[in-house]
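To start, the structure itself, in structure tokens.
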Amino acid sequence: MQVVSPVREPLITGKKTYHDVTNDICIRVEEKPSKYWMMAMAVSLGALLVGGYALAITLWDGIGMWGLNRTVGWAWDITNFVWWVGIGHAGTLISAILLLFRQKWRMSINRAAEAMTIFAVICAAMFPVVHMGRPWLGFYWALPLPNTFGSLWVNFNSPLLWDVFAISTYFTVSLVFWYMGLIPDFATIRDRAKGVSKVIYGVLSFGWDGAAKTWARYESVSLILAGLATPLVLSVHTIVSFDFATSVIPGWHTTIFPPYFVAGAIFSGFAMVMTLMLITRKVYKLEDYITIKHIELMNIIVMVTGSIVGVAYITELFMAWYSGVEYEQYAFLNRTSGPYWWAYATMMTCNVISPQLFWFKKIRTSIAASFILSIVVNIGMWFERFVIIVTSLHRDYLPSSWAMFHPTLYDMGVYLFTFGFFFTAFFLFAKFFPVINIAEIKSILKSDSDKKPVAEAVAENINQ
Amino acid sequence: MTNEKFNFTASLKKKLIITGIVGVALFVIGLAAVMMGGGHEEASHGAEAAGHAAEAASHGGGGEHGGSSWLTRIFANLWINNVYFTGVALIGVFFVAIQYVAQAGWSAPIKRIPLAFGNWLPIAGILMLVTWLVASHDLFHWTHEDLYVEGGPHYDEIIAGKKAYLNTPFYLARMVIYFSIWFLFFRWIRKEILAEDLDGSTQHWRKLIGISAGFIVFFAVSSSMSAWDWILSIDTHWFSTMIGWYVFASWFVTGLATITLIIVYLKESGYLPQVNSNHLHDLGKFVFAFSIFWTYIWVSQYLLIYYANIPEESVYFMERLNSDQYAPAFYVILIMNFFFPFLALMTRDAKRHVMFLKIVCPVVILGHWLDFYLMVTPGTMKEAGGFGFLEIGMAMIFGVAFLFVVLSSLAKVPLVAKNHPMLEESIHHHI
């Protein structure tokens with residue numbers, strides 16, 4: 001018997017029946033694309049096209065099209081890479097870690113968050129690949145292939161190589177996990193569909209028959225994948241932080257980086273989930289599934305992870321001073337008051353100060369405020385990576401090598417391309433795939449949505 | 001609901017007192033051995049000690065005002081145990097606070113146990129203050145005035161640069177502030193929890209979410225800062241941004257293992273009928289997961305310092321790894337705190353059976369004590385540090401005192417919250 005405390009608010013509102021759930025979610029797949037969807041898709045494809053031009057020129061003419069110079073050899077490319085990888089953390093966090101903590105509210109948002117994860121990781125992976133200059137040779141350079149394949153053996157000491165392993169493993173497991181969860185829902189759509197879509201969703205559902213045995217296998221595979229995904233989600237951003245922290249560059253080499261990067265990744269990932277879910281909720285009228293309570297809980301996670309990141313910023317600043325190492329001291333003085341002070345100030349305001357607004361219940365339960373702050377947070381997290389990367393590099397050891405970084409249109413264009421790709425993929429997902437996990441939502445419908453009168457509940461207890 | 005209270009029986013008290021007496025005896029034997037054998041030991045370590053003194057002098061230090069090494073050893077042990085048990089007490093309150101802010105349901109019947117840990121805080125605060133006032137010159141190199149005299153023979157530029165943070169008045173003020181606010185939050189949380197027993201209003205539960213959030217905010221800052229004060233500043237030249245979270249991770253897993261062990265003990269003595277193998281499973285998962293978390297923090301700190309190989313940073317691990325005195329502990333800690341709990345608590349069944357928890361938790365508790373030993377001793381004792389009856393005895397005395405305080409306060413109030421809104425949910429908890 002499952003008992004739910006009366007102090008808990010219901011997770012699904014509107015007195016839904018099982019059939020309502022199926023209908024509400026399947027209808028979006030079955031109906032003709034709405035006007036809003038068409039408009040959103042047109043904008044995304046436009047971004048993809050314009051960005052695609054910048055990408056094509058970059059690939060044709062080489063990465064000299066970017067604003068990199070001898071001093072700042074890494075700038076927007078790796079900033080965007082880390083930013084997208086960070087966003088790609090929320091999906092697995094919600095599916096795996098919130099699953100371990102038995103947070104049932106995750107069920108309304110995990111499907112879309114996992115999809116977002118997969119698209120974000122693809123966007124992220126593009127940057128190192130494009131930065132290779134000749135990506136068609138990338139496999140030879142990035143994978144540990146023997147010398148007979150015409151390339152040198154990879155450098156196992158390099159965290160950049162560990163990134164290849166960590167991200168590709170994470171991507172694979174996330175993809176399988178996401179798809180596994182989709183199978184029963186595809187079967188639901190198949191059973192309602194006619195004609196060609198019945199065949200397509202039939203193939204996508206791998207012939208799911210809904211038998212008890214099939215469900216048992218499904219559950220054990222889900223559990224194994226959740227167990228695998230948890231260390232993976234931590235490993236990815238840990239290794240991304242190693243890209244910087246294993247070096248001896250002042251401002252990069254600091255031991256707090258791994259957990260602090262992971263916290264930052266969860267922070268930005270949740271903010272992006274919030275942005276997407278608020279739009280989806282509105283357009284698809286999912287207010288009963290993604291309630292104000294869900295929004296509030298997500299905002300609390302944003303606030304907590306933002307504060308963890310804040311503690312890490314202050315620890316870094318303090319330790320730079322405390323260490324007595326003049327290079328570290330200068331790196332942080334330059335961050336806060338050098339030519340890029342505005343980037344540092346943006347980062348601090350967006351990441352540490354703005355999430356503190358969520359201490360007010362009015363703000364964390366306001367849809368408009370949540371939407372605005374979710375975007376503010378992601379701006380802040382982009383600047384965090386920019387600050388770490390560019391301000392540490394642009395003041396080289398020799399003042400004669402000091403430089404600034406100026407992005408070109410192609411830096412911006414390639415970034416725009418990833419946005420175009422991300423939103424195109426997300427809107428396609430939202431149209432053709434069920435955006436909420438139908439099967440899982442049904443499992444919490446009974447216990448949580450019914451507020452029984454006390455007498456009835458007591459009688460039921462006695463009977464059991 | 002039951003009105004069950006924990007009965008701190010005379011026989012249990014007797015057992016604890018006997019353990020305490022054994023601890024005192026071991027301490028005395030250990031101390032005698034150190035004092036008498038000191039000559040031998042110093043002779044054999046003479047060369048190394050001299051080498052180290054020269055090194056210290058070349059650093060511009062020279063603060064080793066030749067106090068007797070057995071006295072320093074007692075002080076160092078007082079410091080290890082103080083920091084360690086303060087952490088366990090603090091984690092008790094932190095655990096309760098986390099349960100409220102997360103609105104956790106499963107833990108409703110067990111919260112009084114970690115809550116009782118908080119009663120150690122005032123004692124820990126006084127002990128910490130007294131130890132510091134007596135022993136600061138022996139434990140903390142930076143407290144020597146001559147380091148800050150510019151142009152003086154012992155002037156240390158790096159340490160002088162830290163003066164704004166590392167100076168006695170500010171340091172003591174911080175210590176007093178941490179303990180007072182921790183204690184006030186603990187009393188406030190306890191007051192609300194007990195008030196809930198009387199009137200049964202869910203308002204207390206709601207209010208506790210707010211108070212707990214306040215405590216966690218203060219804890220987030222103070223746990224890192226206290227680690228800088230009490231651990232980092234021992235090796236005054238060394239620095240690591242991770243140390244605050246490292247100390248927290250070590251404290252947290254120790255606290256979780258202690259909570260689990262006491263619950264298992266109470267369960268076996270016939271208390272806590274509401275607690276079943278599902279709750280033990282959750283506690284086991286906590287110990288398992290945070291053992292991995294500690295290891296994650298450990299690896300991150302070690303690997304980054306190892307990889308960059310900057311002398312100012314790697315010296316911390318060199319002192320430990322290149323020393324016959326400390327290197328064994330370095331590896332033993334990893335076995336006790338990672339490999340053993342990781343393998344032993346891997347399966348679902350292991351976490352649900354008291355037998356496994358009764359083996360793993362003590363290992364983790366001792367392993368993290370050793371972790372604190374290794375954080376404090378090399379910096380305070382240099383190569384003259386030792387591990388013997390003195391260490392074991394003093395840790396036993398502290399452990400007994402801690403348990404005495406915790407169990408007597410546990411006996412004063414009902415063992416399980418009567419009107420906790422999650423109680424019903426927790427009783428039917430099934431995973």
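Ligands are numbered from 1 in the order shown, residues from 1 within each chain, and chains are lettered A, B, ... in the order they appear in the structure tokens.
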Backbone DSSP call of helix (DSSP H, G or I) for segment 159-403 of chain B, listed as a PyMOL selection string: chain B and resi 159-161+168-199+203-230+232-234+243-268+277-308+311-321+327-344+348-352+354-384+389-403
Show me, as a PDB file with N, CA and C atoms, in the first residue's frame, the residues of chain A whose atoms get within 7 Å of chain B, using only C-alpha atoms for the distance check.
ATOM      1  N   MET A   1       0.836  -1.198   0.000  1.00  0.00           N
ATOM      2  CA  MET A   1       0.000   0.000   0.000  1.00  0.00           C
ATOM      3  C   MET A   1       0.869   1.246   0.000  1.00  0.00           C
ATOM      4  N   GLN A   2       0.449   2.212  -0.786  1.00  0.00           N
ATOM      5  CA  GLN A   2       1.221   3.446  -0.834  1.00  0.00           C
ATOM      6  C   GLN A   2       0.415   4.540  -0.145  1.00  0.00           C
ATOM      7  N   VAL A   3       1.044   5.225   0.788  1.00  0.00           N
ATOM      8  CA  VAL A   3       0.357   6.299   1.492  1.00  0.00           C
ATOM      9  C   VAL A   3       1.029   7.603   1.120  1.00  0.00           C
ATOM     10  N   VAL A   4       0.227   8.600   0.849  1.00  0.00           N
ATOM     11  CA  VAL A   4       0.798   9.911   0.552  1.00  0.00           C
ATOM     12  C   VAL A   4       0.323  10.889   1.621  1.00  0.00           C
ATOM     13  N   SER A   5       1.271  11.570   2.206  1.00  0.00           N
ATOM     14  CA  SER A   5       0.945  12.490   3.294  1.00  0.00           C
ATOM     15  C   SER A   5       0.012  13.609   2.821  1.00  0.00           C
ATOM     16  N   VAL A   7       0.054  16.594   3.596  1.00  0.00           N
ATOM     17  CA  VAL A   7       0.708  17.888   3.362  1.00  0.00           C
ATOM     18  C   VAL A   7       1.283  18.003   1.957  1.00  0.00           C
ATOM     19  N   ALA A 245      41.480  22.363 -15.583  1.00  0.00           N
ATOM     20  CA  ALA A 245      42.104  22.305 -14.259  1.00  0.00           C
ATOM     21  C   ALA A 245      43.395  21.494 -14.228  1.00  0.00           C
ATOM     22  N   THR A 246      43.612  20.599 -15.186  1.00  0.00           N
ATOM     23  CA  THR A 246      44.878  19.853 -15.165  1.00  0.00           C
ATOM     24  C   THR A 246      46.040  20.720 -15.663  1.00  0.00           C
ATOM     25  N   SER A 247      45.719  21.858 -16.258  1.00  0.00           N
ATOM     26  CA  SER A 247      46.787  22.719 -16.770  1.00  0.00           C
ATOM     27  C   SER A 247      47.410  23.508 -15.622  1.00  0.00           C
ATOM     28  N   VAL A 248      48.372  24.356 -15.949  1.00  0.00           N
ATOM     29  CA  VAL A 248      48.952  25.211 -14.905  1.00  0.00           C
ATOM     30  C   VAL A 248      48.596  26.677 -15.156  1.00  0.00           C
ATOM     31  N   THR A 254      42.612  24.794 -10.467  1.00  0.00           N
ATOM     32  CA  THR A 254      42.098  24.907  -9.113  1.00  0.00           C
ATOM     33  C   THR A 254      41.309  23.644  -8.806  1.00  0.00           C
ATOM     34  N   THR A 255      41.479  23.130  -7.583  1.00  0.00           N
ATOM     35  CA  THR A 255      40.970  21.783  -7.304  1.00  0.00           C
ATOM     36  C   THR A 255      39.457  21.719  -7.183  1.00  0.00           C
ATOM     37  N   ILE A 256      38.799  22.842  -6.956  1.00  0.00           N
ATOM     38  CA  ILE A 256      37.353  22.794  -6.759  1.00  0.00           C
ATOM     39  C   ILE A 256      36.614  22.621  -8.089  1.00  0.00           C
ATOM     40  N   PRO A 258      36.088  20.318 -10.483  1.00  0.00           N
ATOM     41  CA  PRO A 258      35.171  19.229 -10.870  1.00  0.00           C
ATOM     42  C   PRO A 258      33.764  19.341 -10.251  1.00  0.00           C
ATOM     43  N   THR A 315      34.953  30.904  -3.030  1.00  0.00           N
ATOM     44  CA  THR A 315      36.099  30.096  -2.606  1.00  0.00           C
ATOM     45  C   THR A 315      37.295  30.357  -3.515  1.00  0.00           C
ATOM     46  N   GLU A 316      37.036  30.394  -4.815  1.00  0.00           N
ATOM     47  CA  GLU A 316      38.122  30.649  -5.772  1.00  0.00           C
ATOM     48  C   GLU A 316      38.779  32.002  -5.519  1.00  0.00           C
ATOM     49  N   MET A 319      40.686  31.897  -2.210  1.00  0.00           N
ATOM     50  CA  MET A 319      41.881  31.061  -2.238  1.00  0.00           C
ATOM     51  C   MET A 319      42.967  31.691  -3.111  1.00  0.00           C
ATOM     52  N   TYR A 322      44.427  34.045  -0.746  1.00  0.00           N
ATOM     53  CA  TYR A 322      45.030  33.346   0.388  1.00  0.00           C
ATOM     54  C   TYR A 322      46.315  32.618  -0.026  1.00  0.00           C
ATOM     55  N   SER A 323      46.308  32.072  -1.249  1.00  0.00           N
ATOM     56  CA  SER A 323      47.451  31.266  -1.687  1.00  0.00           C
ATOM     57  C   SER A 323      48.743  32.072  -1.666  1.00  0.00           C
ATOM     58  N   GLY A 324      48.654  33.379  -1.860  1.00  0.00           N
ATOM     59  CA  GLY A 324      49.864  34.185  -1.915  1.00  0.00           C
ATOM     60  C   GLY A 324      50.617  34.009  -3.229  1.00  0.00           C
TER      61      GLY A 324
END
Between atom CA of Asp288 of chain A and atom CA of Ile25 of chain A, what distance in Å does the model show, to one decimal?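 A separation of 11.5 Å between them.
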Leaving out segment 2-9 of chain B and any residue of its chain fewer than 4 positions from it, which residues lie within 9 Å of it when counting only C-alpha atoms, given as a PyMOL selection string? chain B and resi 13-14+266+271-272+407-408+410-418
Can you spit out the residues from that selection as a PDB file, in the first residue's frame, using C-alpha atoms?
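The new file result25.pdb reads:
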ATOM      1  CA  LYS B  13      26.001   3.258  30.817  1.00  0.00           C
ATOM      2  CA  LYS B  14      28.267   0.795  32.545  1.00  0.00           C
ATOM      3  CA  LEU B 266      18.271   0.754  18.671  1.00  0.00           C
ATOM      4  CA  TYR B 271      13.174   0.082  19.710  1.00  0.00           C
ATOM      5  CA  LEU B 272      11.892   1.762  16.544  1.00  0.00           C
ATOM      6  CA  LEU B 407      22.170   8.884  24.173  1.00  0.00           C
ATOM      7  CA  SER B 408      21.258  10.793  27.324  1.00  0.00           C
ATOM      8  CA  LEU B 410      17.908  10.892  23.166  1.00  0.00           C
ATOM      9  CA  ALA B 411      16.429   9.375  26.322  1.00  0.00           C
ATOM     10  CA  LYS B 412      14.825  12.661  27.337  1.00  0.00           C
ATOM     11  CA  VAL B 413      12.264  12.920  24.541  1.00  0.00           C
ATOM     12  CA  PRO B 414      10.069  10.392  22.726  1.00  0.00           C
ATOM     13  CA  LEU B 415      12.132   8.403  20.272  1.00  0.00           C
ATOM     14  CA  VAL B 416       9.721   8.929  17.387  1.00  0.00           C
ATOM     15  CA  ALA B 417       7.846  12.070  16.432  1.00  0.00           C
ATOM     16  CA  LYS B 418       4.189  11.662  17.351  1.00  0.00           C
TER      17      LYS B 418
END
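Taking only C-alpha atoms, the non-local environment of Val262 of chain A within 7 Å (same-chain residues fewer than 2 positions away omitted) comprises Leu234, His237, Thr238, Pro258, Pro259, Tyr260, Gly264, Ala265 and Ile266 of chain A.
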Counting only C-alpha atoms, what is within 10 Å of Leu261 of chain B, bar same-chain residues fewer than 3 positions away, as a PyMOL selection string? chain B and resi 255-258+264-267+280+283+354+357-362+365
